[in-house]
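The next block holds one structure in the form of structure tokens; read it before the comments.
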Amino acid sequence: MTQSVVVQVGQCGNQIGCCFWDLALREHAAVNQKGIYDEAISSFFRNVDTRVVGGGGSISKGKIRSLKARAVLIDMEEGVVNEILQGPLRDVFDSKQLITDISGSGNNWAVGHKVFGSLYQEQILEKLRKSAEHCDCLQCFFIIHSMGGGTGSGLGTFLLKVLEDEFPDVYRFVTSVYPSGEDDVITSPYNSILAMKELNEHADCVLPIDNQSLFDIISKIDLMVNSGKLGKTVKPKSLITSSAGTFKKQHKRPFDAMNNIVANLMLNLTSSSRFEGSLNMDINEISMNLVPFPQLHYLVSSLTPLYTLADINVPPRRLDQMFSDAFSKDYQLIQADPKHSLYLACALMVRGNVQISDLRRNIERLKPSLHFVSWNQEGWKTSLCSVPPVGHSHSLLALANNTCVKPTFVELRERFMRLYKKKAHLHHYLQVEGMEESCFTEAVSSLSALIQEYNQLDATKSMPVEDFPRLRVAV
């Protein structure tokens, strides 16, 4: 069994990370009721004997003593990390794996990347090496960050280069939360474009998550709940109910529920690494099968069922309907419509009591409505994990390498250019040592080159698919 380390950077990254660890512990507790430290738990947790002087030694088998997350927590403001350390998960994190400052990056990519990157490089390397030493077979670093702020975008992408240099053979899987058009950080287009260049060059796979899509999903849930359509199906003490058991009023930005959706995405993404299955998919198989060209490593994700993520006891979706949902734009975690765009490849990660025949039947049913590139008409990768999410019979995570991600990048570039043409707020960046205006021009050129690659693929969509004859074997 391999191990992975989660690196959560900035406010957003740490809040999502905290959600992920909470949900992962609940899943393992539901499956591992005898409290034995097994391979499934070891993939993301260490078992530590805290009775040993000096912080405790790792225990490779036997009863669970004290679980410690394989995680590094980084934030240049200490507020969120302090909240985590004072919350119910405080014992899950090793205090030696934290890096915090008090000043923050001021929503400035340059401060996060250039200033704090240089200042904390050695500390970051030390924490990463220590995490790696605790692993028998380190397979992947999962980085969680946001694109719009300063620490997540700046230091989060600085970290990618550090990982590439120090651990070149370990996969770098990035979950990036992109700002919406109504983001309250004026400089978020600058931060996002500057971060995109680093993602293009140093990440193996990126799962772009759109804040607006998350908000729309939660709004739909709120609408269903408050309209009474769900009746008494909402669980008490859930994300959408108050402690008094009544429905919470709709918040302008219900971040807890939004973070919970991203955490569930990661939970399903890592399920094959954590549990057994008849057709498990390794993390390295995702990159190998879904990324045909180095820079086209942005995967559009969709989750189904969605409403269960808000702790609503809706009747489970029929299995075939679940597969249809995964290809609907309403279930995407980025504002995109994959059905009307071009697929390079697609992975279906199914959990629960589902048979391989169910997978094959649904793929054959959906194939005629989906457009795949002519040279990869059979570009499907499938995974079956036997352990479903807690309280549900089955779930599905679809990861699509699809040109539908392009409009998100085009819109981001347009927002960037509106500011950059006026040189608005540029001085805040240029006064940072090591930051030059060429950093901006190179970043936007890198994004334009990426968009052009997607344009070239889209241009092939109407081309006829050549049906090459299969090799005939003489009997």
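Letters A, B, ... go to the chains of the structure tokens in the order shown; residues in each chain start at 1; ligands are counted from 1 in the same order.
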For segment 190-199 of chain A, work out the shell of residues within 6 Å, counting only C-alpha atoms and skipping chain neighbours fewer than 2 positions away, then give it as a tab-separated table (two decimals) with N, CA, C and O atoms, in the first residue's frame.
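Once everything was written out, this is selection35.tsv:
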```tsv
chain	number	residue	atom	x	y	z
A	109	TRP	N	0.08	37.85	-4.88
A	109	TRP	CA	0.82	36.66	-5.29
A	109	TRP	C	2.32	36.85	-5.10
A	109	TRP	O	3.03	35.93	-4.67
A	147	MET	N	-6.75	30.18	-5.78
A	147	MET	CA	-6.00	30.93	-6.80
A	147	MET	C	-6.09	32.44	-6.61
A	147	MET	O	-5.28	33.19	-7.13
A	148	GLY	N	-7.10	32.91	-5.88
A	148	GLY	CA	-7.39	34.34	-5.88
A	148	GLY	C	-6.66	35.16	-4.84
A	148	GLY	O	-6.50	36.37	-5.01
A	153	SER	N	-2.24	31.22	-3.66
A	153	SER	CA	-1.78	31.30	-5.06
A	153	SER	C	-0.26	31.43	-5.13
A	153	SER	O	0.39	30.74	-5.91
A	157	THR	N	1.94	27.85	-5.17
A	157	THR	CA	2.59	27.47	-6.44
A	157	THR	C	4.12	27.47	-6.30
A	157	THR	O	4.80	26.76	-7.04
A	187	THR	N	-7.63	42.09	-6.86
A	187	THR	CA	-6.43	41.65	-7.59
A	187	THR	C	-6.44	40.14	-7.89
A	187	THR	O	-5.44	39.60	-8.35
A	188	SER	N	-7.58	39.48	-7.67
A	188	SER	CA	-7.61	38.02	-7.90
A	188	SER	C	-7.28	37.62	-9.34
A	188	SER	O	-6.66	36.55	-9.54
A	201	GLU	N	3.44	24.57	-15.52
A	201	GLU	CA	4.81	24.08	-15.63
A	201	GLU	C	5.17	23.00	-14.61
A	201	GLU	O	6.04	22.17	-14.87
A	202	HIS	N	4.53	23.01	-13.45
A	202	HIS	CA	5.03	22.16	-12.36
A	202	HIS	C	4.04	21.16	-11.78
A	202	HIS	O	4.40	20.38	-10.90
A	203	ALA	N	2.78	21.18	-12.20
A	203	ALA	CA	1.79	20.23	-11.67
A	203	ALA	C	1.65	19.04	-12.61
A	203	ALA	O	1.83	19.16	-13.82
A	416	PHE	N	-8.19	39.64	-16.29
A	416	PHE	CA	-6.80	40.07	-16.11
A	416	PHE	C	-6.48	41.27	-16.99
A	416	PHE	O	-5.90	42.27	-16.53
A	443	ALA	N	3.24	35.32	-17.90
A	443	ALA	CA	2.12	34.54	-17.35
A	443	ALA	C	0.93	34.54	-18.29
A	443	ALA	O	0.32	33.49	-18.53
A	446	SER	N	1.67	32.42	-21.30
A	446	SER	CA	1.56	30.99	-20.97
A	446	SER	C	0.10	30.55	-21.01
A	446	SER	O	-0.22	29.48	-21.56
```
Q: Tell me, as a VMD selection string, which residues lie within 12 Å of segment 213-217 of chain A, counting only C-alpha atoms; anything in the same chain fewer than 6 positions away does not count.
A: chain A and resid 177 to 183 223 to 224 250 to 263 265 301 to 310 329 to 337 408
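Shortest separation to Asn82 of chain A among A:Gln11, A:Val387, A:Leu125, A:Gly106 occurs at residue A:Gln11, atoms counted being only C-alpha atoms.
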Q. Atom CA of Ser386 of chain A to atom CA of Val354 of chain A: how many Å, to one decimal?
A.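 Computing the Euclidean distance for atom CA of Ser386 of chain A and atom CA of Val354 of chain A yields 7.9 Å.
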Q.
Give me, as a list in words, the residues of segment 124-210 of chain A that a backbone DSSP run labels strand (DSSP E).
A. Leu138, Gln139, Cys140, Phe141, Phe142, Ile143, Ile144, His145, Ser146, Tyr171, Arg172, Phe173, Val174, Thr175, Ser176, Val177, Tyr178, Cys205, Val206, Leu207, Pro208, Ile209 and Asp210 of chain A
Atoms kept (N, CA, C and O atoms) for selection, written as a short mmCIF file (atom, residue, chain, number, x, y, z; two decimals), in the first residue's frame:
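In the end it all went to selection_26.cif:
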```cif
data_model
loop_
_atom_site.label_atom_id
_atom_site.label_comp_id
_atom_site.auth_asym_id
_atom_site.auth_seq_id
_atom_site.Cartn_x
_atom_site.Cartn_y
_atom_site.Cartn_z
N LEU A 138 6.01 6.60 -0.72
CA LEU A 138 5.32 7.87 -0.98
C LEU A 138 4.98 7.98 -2.46
O LEU A 138 5.85 7.94 -3.32
N GLN A 139 3.69 8.08 -2.75
CA GLN A 139 3.25 8.11 -4.14
C GLN A 139 2.85 9.49 -4.62
O GLN A 139 3.07 9.84 -5.77
N CYS A 140 2.22 10.28 -3.75
CA CYS A 140 1.61 11.52 -4.24
C CYS A 140 1.59 12.60 -3.16
O CYS A 140 1.41 12.33 -1.98
N PHE A 141 1.78 13.84 -3.60
CA PHE A 141 1.50 15.02 -2.79
C PHE A 141 0.20 15.63 -3.31
O PHE A 141 0.08 15.95 -4.50
N PHE A 142 -0.78 15.77 -2.44
CA PHE A 142 -2.01 16.48 -2.77
C PHE A 142 -1.90 17.90 -2.24
O PHE A 142 -1.76 18.11 -1.03
N ILE A 143 -1.94 18.88 -3.13
CA ILE A 143 -1.87 20.28 -2.72
C ILE A 143 -3.26 20.89 -2.83
O ILE A 143 -3.92 20.76 -3.87
N ILE A 144 -3.71 21.53 -1.76
CA ILE A 144 -5.01 22.21 -1.76
C ILE A 144 -4.75 23.69 -1.55
O ILE A 144 -4.11 24.09 -0.56
N HIS A 145 -5.28 24.53 -2.44
CA HIS A 145 -5.06 25.98 -2.31
C HIS A 145 -6.11 26.72 -3.14
O HIS A 145 -6.86 26.13 -3.92
N SER A 146 -6.16 28.02 -2.94
CA SER A 146 -7.03 28.86 -3.78
C SER A 146 -6.15 29.70 -4.70
O SER A 146 -4.97 29.91 -4.44
N TYR A 171 4.10 12.14 -7.55
CA TYR A 171 3.07 12.88 -8.27
C TYR A 171 2.62 14.12 -7.49
O TYR A 171 2.54 14.10 -6.26
N ARG A 172 2.34 15.18 -8.23
CA ARG A 172 1.85 16.44 -7.64
C ARG A 172 0.42 16.67 -8.17
O ARG A 172 0.23 17.03 -9.32
N PHE A 173 -0.53 16.41 -7.32
CA PHE A 173 -1.96 16.50 -7.66
C PHE A 173 -2.53 17.73 -6.97
O PHE A 173 -2.55 17.79 -5.74
N VAL A 174 -3.00 18.69 -7.74
CA VAL A 174 -3.39 19.98 -7.17
C VAL A 174 -4.90 20.21 -7.27
O VAL A 174 -5.49 20.05 -8.35
N THR A 175 -5.52 20.55 -6.14
CA THR A 175 -6.91 20.98 -6.13
C THR A 175 -6.91 22.50 -5.98
O THR A 175 -6.51 23.03 -4.95
N SER A 176 -7.31 23.21 -7.04
CA SER A 176 -7.23 24.67 -7.08
C SER A 176 -8.62 25.28 -7.12
O SER A 176 -9.41 24.96 -8.02
N VAL A 177 -8.92 26.13 -6.15
CA VAL A 177 -10.22 26.81 -6.12
C VAL A 177 -10.08 28.16 -6.83
O VAL A 177 -9.32 29.03 -6.38
N TYR A 178 -10.81 28.32 -7.93
CA TYR A 178 -10.73 29.54 -8.75
C TYR A 178 -11.76 30.57 -8.27
O TYR A 178 -12.87 30.20 -7.88
N CYS A 205 -1.30 16.99 -12.31
CA CYS A 205 -2.74 17.07 -12.56
C CYS A 205 -3.31 18.21 -11.74
O CYS A 205 -2.88 18.43 -10.60
N VAL A 206 -4.26 18.92 -12.32
CA VAL A 206 -4.94 20.00 -11.60
C VAL A 206 -6.45 19.77 -11.69
O VAL A 206 -6.99 19.52 -12.77
N LEU A 207 -7.12 19.85 -10.55
CA LEU A 207 -8.58 19.81 -10.52
C LEU A 207 -9.07 21.22 -10.25
O LEU A 207 -9.07 21.67 -9.10
N PRO A 208 -9.44 21.97 -11.30
CA PRO A 208 -9.94 23.33 -11.07
C PRO A 208 -11.35 23.29 -10.51
O PRO A 208 -12.22 22.59 -11.03
N ILE A 209 -11.57 24.01 -9.42
CA ILE A 209 -12.89 24.10 -8.79
C ILE A 209 -13.32 25.56 -8.85
O ILE A 209 -12.55 26.45 -8.49
N ASP A 210 -14.53 25.80 -9.30
CA ASP A 210 -15.03 27.17 -9.48
C ASP A 210 -15.91 27.56 -8.29
O ASP A 210 -16.90 26.87 -8.00
#
```
Please identify the alpha helix (DSSP H) residues within segment 401-456 of chain A (assignment by DSSP from backbone atoms) and present them as a CSV table (one decimal) with N, CA, C and O atoms, in the first residue's frame.
```csv
chain,number,residue,atom,x,y,z
A,406,LYS,N,-11.9,25.4,-21.2
A,406,LYS,CA,-11.3,26.6,-21.8
A,406,LYS,C,-12.1,27.9,-21.5
A,406,LYS,O,-11.4,28.9,-21.2
A,407,PRO,N,-13.4,28.0,-21.5
A,407,PRO,CA,-14.1,29.2,-21.2
A,407,PRO,C,-13.7,29.8,-19.9
A,407,PRO,O,-13.7,31.1,-19.7
A,408,THR,N,-13.4,29.0,-18.9
A,408,THR,CA,-13.0,29.5,-17.6
A,408,THR,C,-11.7,30.2,-17.7
A,408,THR,O,-11.5,31.3,-17.1
A,409,PHE,N,-10.8,29.7,-18.5
A,409,PHE,CA,-9.5,30.3,-18.7
A,409,PHE,C,-9.6,31.6,-19.5
A,409,PHE,O,-8.9,32.6,-19.3
A,410,VAL,N,-10.5,31.5,-20.5
A,410,VAL,CA,-10.7,32.7,-21.4
A,410,VAL,C,-11.2,33.9,-20.5
A,410,VAL,O,-10.8,35.0,-20.6
A,411,GLU,N,-12.2,33.6,-19.7
A,411,GLU,CA,-12.8,34.6,-18.9
A,411,GLU,C,-11.8,35.2,-17.9
A,411,GLU,O,-11.7,36.4,-17.6
A,412,LEU,N,-11.0,34.3,-17.3
A,412,LEU,CA,-9.9,34.7,-16.4
A,412,LEU,C,-8.9,35.7,-17.1
A,412,LEU,O,-8.5,36.7,-16.5
A,413,ARG,N,-8.6,35.4,-18.3
A,413,ARG,CA,-7.7,36.2,-19.1
A,413,ARG,C,-8.3,37.6,-19.4
A,413,ARG,O,-7.6,38.6,-19.3
A,414,GLU,N,-9.6,37.6,-19.7
A,414,GLU,CA,-10.3,38.9,-20.0
A,414,GLU,C,-10.3,39.8,-18.7
A,414,GLU,O,-10.1,41.0,-18.8
A,415,ARG,N,-10.6,39.1,-17.6
A,415,ARG,CA,-10.6,39.9,-16.3
A,415,ARG,C,-9.2,40.4,-16.0
A,415,ARG,O,-9.0,41.6,-15.5
A,416,PHE,N,-8.2,39.6,-16.3
A,416,PHE,CA,-6.8,40.1,-16.1
A,416,PHE,C,-6.5,41.3,-17.0
A,416,PHE,O,-5.9,42.3,-16.5
A,417,MET,N,-6.9,41.2,-18.3
A,417,MET,CA,-6.5,42.2,-19.2
A,417,MET,C,-7.2,43.6,-18.9
A,417,MET,O,-6.7,44.6,-19.1
A,418,ARG,N,-8.4,43.5,-18.3
A,418,ARG,CA,-9.1,44.7,-18.0
A,418,ARG,C,-8.3,45.5,-16.9
A,418,ARG,O,-8.3,46.8,-17.0
A,419,LEU,N,-7.7,44.8,-16.0
A,419,LEU,CA,-6.9,45.5,-15.0
A,419,LEU,C,-5.5,45.9,-15.6
A,419,LEU,O,-5.0,47.0,-15.4
A,420,TYR,N,-4.9,45.0,-16.4
A,420,TYR,CA,-3.5,45.1,-16.8
A,420,TYR,C,-3.4,46.2,-17.9
A,420,TYR,O,-2.4,46.9,-17.9
A,426,LEU,N,-0.7,47.6,-10.2
A,426,LEU,CA,0.5,46.9,-10.6
A,426,LEU,C,1.6,47.2,-9.7
A,426,LEU,O,2.5,46.4,-9.4
A,427,HIS,N,1.6,48.5,-9.2
A,427,HIS,CA,2.7,48.9,-8.3
A,427,HIS,C,2.9,48.1,-7.0
A,427,HIS,O,4.0,47.9,-6.5
A,428,HIS,N,1.7,47.5,-6.6
A,428,HIS,CA,1.8,46.7,-5.4
A,428,HIS,C,2.7,45.4,-5.6
A,428,HIS,O,3.3,44.9,-4.7
A,429,TYR,N,2.7,45.0,-6.8
A,429,TYR,CA,3.4,43.8,-7.2
A,429,TYR,C,4.9,44.1,-7.5
A,429,TYR,O,5.8,43.4,-7.1
A,430,LEU,N,5.1,45.2,-8.3
A,430,LEU,CA,6.4,45.6,-8.7
A,430,LEU,C,7.3,46.1,-7.6
A,430,LEU,O,8.6,46.1,-7.8
A,437,GLU,N,7.7,43.4,-14.5
A,437,GLU,CA,6.5,43.4,-15.3
A,437,GLU,C,6.5,42.2,-16.3
A,437,GLU,O,5.5,41.8,-16.7
A,438,SER,N,7.7,41.7,-16.6
A,438,SER,CA,7.8,40.6,-17.5
A,438,SER,C,7.1,39.4,-16.9
A,438,SER,O,6.7,38.5,-17.6
A,439,CYS,N,7.0,39.3,-15.6
A,439,CYS,CA,6.4,38.2,-14.9
A,439,CYS,C,4.9,38.1,-15.4
A,439,CYS,O,4.3,37.1,-15.6
A,440,PHE,N,4.3,39.3,-15.6
A,440,PHE,CA,2.9,39.4,-16.0
A,440,PHE,C,2.7,39.0,-17.4
A,440,PHE,O,1.8,38.2,-17.8
A,441,THR,N,3.6,39.5,-18.3
A,441,THR,CA,3.5,39.2,-19.7
A,441,THR,C,3.8,37.8,-20.0
A,441,THR,O,3.1,37.1,-20.8
A,442,GLU,N,4.7,37.2,-19.3
A,442,GLU,CA,5.0,35.8,-19.5
A,442,GLU,C,3.9,34.9,-19.0
A,442,GLU,O,3.6,33.9,-19.6
A,443,ALA,N,3.2,35.3,-17.9
A,443,ALA,CA,2.1,34.5,-17.3
A,443,ALA,C,0.9,34.5,-18.3
A,443,ALA,O,0.3,33.5,-18.5
A,444,VAL,N,0.6,35.7,-18.8
A,444,VAL,CA,-0.6,35.8,-19.7
A,444,VAL,C,-0.2,35.1,-21.1
A,444,VAL,O,-1.1,34.5,-21.7
A,445,SER,N,1.0,35.1,-21.5
A,445,SER,CA,1.4,34.4,-22.7
A,445,SER,C,1.3,32.9,-22.5
A,445,SER,O,0.9,32.1,-23.4
A,446,SER,N,1.7,32.4,-21.3
A,446,SER,CA,1.6,31.0,-21.0
A,446,SER,C,0.1,30.6,-21.0
A,446,SER,O,-0.2,29.5,-21.6
A,447,LEU,N,-0.8,31.4,-20.5
A,447,LEU,CA,-2.2,31.0,-20.5
A,447,LEU,C,-2.8,31.1,-21.9
A,447,LEU,O,-3.6,30.2,-22.3
A,448,SER,N,-2.4,32.1,-22.7
A,448,SER,CA,-2.8,32.2,-24.1
A,448,SER,C,-2.4,30.9,-24.9
A,448,SER,O,-3.2,30.4,-25.7
A,449,ALA,N,-1.2,30.5,-24.6
A,449,ALA,CA,-0.7,29.3,-25.3
A,449,ALA,C,-1.5,28.0,-25.0
A,449,ALA,O,-1.8,27.2,-25.8
A,450,LEU,N,-1.9,28.0,-23.7
A,450,LEU,CA,-2.8,26.9,-23.2
A,450,LEU,C,-4.2,26.9,-23.9
A,450,LEU,O,-4.7,25.9,-24.4
A,451,ILE,N,-4.7,28.1,-23.9
A,451,ILE,CA,-6.0,28.3,-24.6
A,451,ILE,C,-6.0,27.9,-26.1
A,451,ILE,O,-6.9,27.3,-26.6
A,452,GLN,N,-4.9,28.3,-26.7
A,452,GLN,CA,-4.7,28.0,-28.1
A,452,GLN,C,-4.6,26.5,-28.3
A,452,GLN,O,-5.2,25.9,-29.3
A,453,GLU,N,-4.0,25.7,-27.4
A,453,GLU,CA,-4.0,24.3,-27.5
A,453,GLU,C,-5.4,23.7,-27.5
A,453,GLU,O,-5.7,22.8,-28.2
A,454,TYR,N,-6.2,24.2,-26.6
A,454,TYR,CA,-7.6,23.8,-26.5
A,454,TYR,C,-8.4,24.2,-27.8
A,454,TYR,O,-9.2,23.4,-28.3
A,455,ASN,N,-8.1,25.4,-28.4
A,455,ASN,CA,-8.7,25.8,-29.6
A,455,ASN,C,-8.4,24.8,-30.8
A,455,ASN,O,-9.3,24.5,-31.6
A,456,GLN,N,-7.2,24.4,-30.8
A,456,GLN,CA,-6.7,23.5,-31.9
A,456,GLN,C,-7.5,22.1,-31.8
A,456,GLN,O,-7.8,21.5,-32.8
```
**Q.** Interatomic distance (Å, one decimal) between atom CA of Asn47 of chain A and atom CA of Glu166 of chain A
**A.** 25.6 Å
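Put simply, atom CA of Leu344 of chain A is 23.8 Å away from atom CA of Ser271 of chain A.
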**Q.** Residue neighbourhood Pro88 of chain A, 12 Å, only C-alpha atoms, exclusion window fewer than 6 positions, as a ChimeraX atom specification
**A.** /A:18-19,21-22,25,82
Q. Looking at only C-alpha atoms, which of A:Leu23, A:Leu397, A:Met288, A:Ala459 is the one that sits closest to Gly379 of chain A?
A. A:Met288
**Q.** Option closest in space to Pro338 of chain A, from A:Gln33, A:Gln8, A:Asn401, A:Asn268 [counting only C-alpha atoms]
**A.**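 Result for the nearest residue to Pro338 of chain A: A:Asn401.
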Q: Please provide the set of residues having any atom within 10 Å of Lys130 of chain A, restricted to only C-alpha atoms, with same-chain residues fewer than 4 positions apart removed, written as a list in words.
A: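 Skipping anything fewer than 4 positions along the chain leaves Val72, Lys96, Gln97, Ile124, Leu125, Glu126, His134 and Cys135 of chain A.
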Q: Find the residues near Asn376 of chain A: any atom within 10 Å, counting only C-alpha atoms, skip ones fewer than 6 places away on the same chain, and give them as a PyMOL selection string.
A: chain A and resi 292+343-345+465
Output all heavy atoms for every residue in the selection just made, as a PDB file, in the first residue's frame.
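For reference, result_14.pdb as written:
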```
ATOM      1  N   PRO A 292      -2.851  13.261 -21.995  1.00  0.00           N
ATOM      2  CA  PRO A 292      -2.097  12.868 -23.189  1.00  0.00           C
ATOM      3  C   PRO A 292      -0.984  13.836 -23.565  1.00  0.00           C
ATOM      4  O   PRO A 292      -0.049  13.464 -24.258  1.00  0.00           O
ATOM      5  CB  PRO A 292      -3.174  12.829 -24.279  1.00  0.00           C
ATOM      6  CG  PRO A 292      -4.217  13.794 -23.820  1.00  0.00           C
ATOM      7  CD  PRO A 292      -4.203  13.745 -22.328  1.00  0.00           C
ATOM      8  N   TYR A 343     -13.946  15.548 -25.517  1.00  0.00           N
ATOM      9  CA  TYR A 343     -13.245  14.747 -24.510  1.00  0.00           C
ATOM     10  C   TYR A 343     -11.911  14.255 -25.052  1.00  0.00           C
ATOM     11  O   TYR A 343     -11.830  13.725 -26.156  1.00  0.00           O
ATOM     12  CB  TYR A 343     -14.083  13.525 -24.120  1.00  0.00           C
ATOM     13  CG  TYR A 343     -15.207  13.794 -23.156  1.00  0.00           C
ATOM     14  CD1 TYR A 343     -16.468  14.183 -23.621  1.00  0.00           C
ATOM     15  CD2 TYR A 343     -15.023  13.648 -21.786  1.00  0.00           C
ATOM     16  CE1 TYR A 343     -17.518  14.421 -22.737  1.00  0.00           C
ATOM     17  CE2 TYR A 343     -16.060  13.877 -20.899  1.00  0.00           C
ATOM     18  CZ  TYR A 343     -17.301  14.265 -21.374  1.00  0.00           C
ATOM     19  OH  TYR A 343     -18.337  14.504 -20.492  1.00  0.00           O
ATOM     20  N   LEU A 344     -10.857  14.416 -24.231  1.00  0.00           N
ATOM     21  CA  LEU A 344      -9.589  13.766 -24.540  1.00  0.00           C
ATOM     22  C   LEU A 344      -9.552  12.391 -23.873  1.00  0.00           C
ATOM     23  O   LEU A 344      -8.993  11.437 -24.416  1.00  0.00           O
ATOM     24  CB  LEU A 344      -8.408  14.610 -24.056  1.00  0.00           C
ATOM     25  CG  LEU A 344      -7.986  15.775 -24.951  1.00  0.00           C
ATOM     26  CD1 LEU A 344      -9.007  16.900 -24.901  1.00  0.00           C
ATOM     27  CD2 LEU A 344      -6.626  16.303 -24.528  1.00  0.00           C
ATOM     28  N   ALA A 345     -10.142  12.328 -22.677  1.00  0.00           N
ATOM     29  CA  ALA A 345     -10.241  11.074 -21.925  1.00  0.00           C
ATOM     30  C   ALA A 345     -11.172  11.310 -20.748  1.00  0.00           C
ATOM     31  O   ALA A 345     -11.454  12.455 -20.380  1.00  0.00           O
ATOM     32  CB  ALA A 345      -8.862  10.617 -21.438  1.00  0.00           C
ATOM     33  N   VAL A 465     -14.591  10.500 -37.770  1.00  0.00           N
ATOM     34  CA  VAL A 465     -13.764   9.516 -37.063  1.00  0.00           C
ATOM     35  C   VAL A 465     -13.484   8.364 -38.004  1.00  0.00           C
ATOM     36  O   VAL A 465     -14.401   7.743 -38.539  1.00  0.00           O
ATOM     37  CB  VAL A 465     -14.491   9.003 -35.797  1.00  0.00           C
ATOM     38  CG1 VAL A 465     -13.642   7.935 -35.104  1.00  0.00           C
ATOM     39  CG2 VAL A 465     -14.779  10.145 -34.851  1.00  0.00           C
TER      40      VAL A 465
END
```
(Q) Set the distance at 12 Å and use only C-alpha atoms: which residues neighbour Leu366 of chain A once local chain neighbours fewer than 6 positions away are removed? I'd like the list as a ChimeraX atom specification. (A) /A:320-328,339,359-360,372,380
Residue selection dump (N, CA and C atoms) as an mmCIF file, in the first residue's frame:
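Below is the file part-v1.cif, written as the result:
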```cif
data_model
loop_
_atom_site.group_PDB
_atom_site.id
_atom_site.type_symbol
_atom_site.label_atom_id
_atom_site.label_comp_id
_atom_site.auth_asym_id
_atom_site.auth_seq_id
_atom_site.Cartn_x
_atom_site.Cartn_y
_atom_site.Cartn_z
ATOM 1 N N ASP A 320 -28.283 4.030 -12.940
ATOM 2 C CA ASP A 320 -28.134 4.580 -14.284
ATOM 3 C C ASP A 320 -28.299 6.091 -14.286
ATOM 4 N N GLN A 321 -29.201 6.619 -13.433
ATOM 5 C CA GLN A 321 -29.395 8.063 -13.364
ATOM 6 C C GLN A 321 -28.140 8.744 -12.827
ATOM 7 N N MET A 322 -27.459 8.072 -11.918
ATOM 8 C CA MET A 322 -26.226 8.609 -11.357
ATOM 9 C C MET A 322 -25.174 8.828 -12.453
ATOM 10 N N PHE A 323 -25.073 7.884 -13.370
ATOM 11 C CA PHE A 323 -24.122 8.038 -14.479
ATOM 12 C C PHE A 323 -24.534 9.189 -15.395
ATOM 13 N N SER A 324 -25.820 9.324 -15.659
ATOM 14 C CA SER A 324 -26.297 10.444 -16.487
ATOM 15 C C SER A 324 -26.008 11.777 -15.818
ATOM 16 N N ASP A 325 -26.235 11.846 -14.500
ATOM 17 C CA ASP A 325 -25.979 13.078 -13.748
ATOM 18 C C ASP A 325 -24.527 13.532 -13.884
ATOM 19 N N ALA A 326 -23.609 12.575 -13.861
ATOM 20 C CA ALA A 326 -22.180 12.903 -13.880
ATOM 21 C C ALA A 326 -21.780 13.659 -15.145
ATOM 22 N N PHE A 327 -22.583 13.540 -16.211
ATOM 23 C CA PHE A 327 -22.263 14.223 -17.464
ATOM 24 C C PHE A 327 -23.169 15.425 -17.711
ATOM 25 N N SER A 328 -23.911 15.808 -16.689
ATOM 26 C CA SER A 328 -24.764 16.997 -16.769
ATOM 27 C C SER A 328 -24.010 18.201 -16.211
ATOM 28 N N LYS A 339 -20.665 17.895 -22.261
ATOM 29 C CA LYS A 339 -21.357 17.156 -23.326
ATOM 30 C C LYS A 339 -21.231 17.851 -24.682
ATOM 31 N N LEU A 359 -20.919 -0.689 -15.084
ATOM 32 C CA LEU A 359 -20.041 0.320 -15.675
ATOM 33 C C LEU A 359 -20.067 0.236 -17.198
ATOM 34 N N ARG A 360 -19.873 -0.964 -17.710
ATOM 35 C CA ARG A 360 -19.814 -1.150 -19.170
ATOM 36 C C ARG A 360 -21.127 -0.758 -19.831
ATOM 37 N N PHE A 372 -15.576 12.385 -28.344
ATOM 38 C CA PHE A 372 -14.184 12.097 -27.994
ATOM 39 C C PHE A 372 -13.281 12.435 -29.183
ATOM 40 N N TRP A 380 -11.623 5.690 -21.996
ATOM 41 C CA TRP A 380 -12.278 5.544 -20.692
ATOM 42 C C TRP A 380 -11.352 4.829 -19.717
#
```
**Q.** Residue contacts of Leu67 of chain A (6 Å, only C-alpha atoms) excluding same-chain residues fewer than 6 positions away, as a ChimeraX atom specification
**A.** /A:45-47,92
Okay, now the selection with C-alpha atoms, as a CSV table (one decimal), in the first residue's frame?
```csv
chain,number,residue,atom,x,y,z
A,45,PHE,CA,-2.5,8.5,8.7
A,46,ARG,CA,0.4,7.6,10.9
A,47,ASN,CA,-0.2,5.6,14.1
A,92,VAL,CA,-4.8,14.7,14.4
```
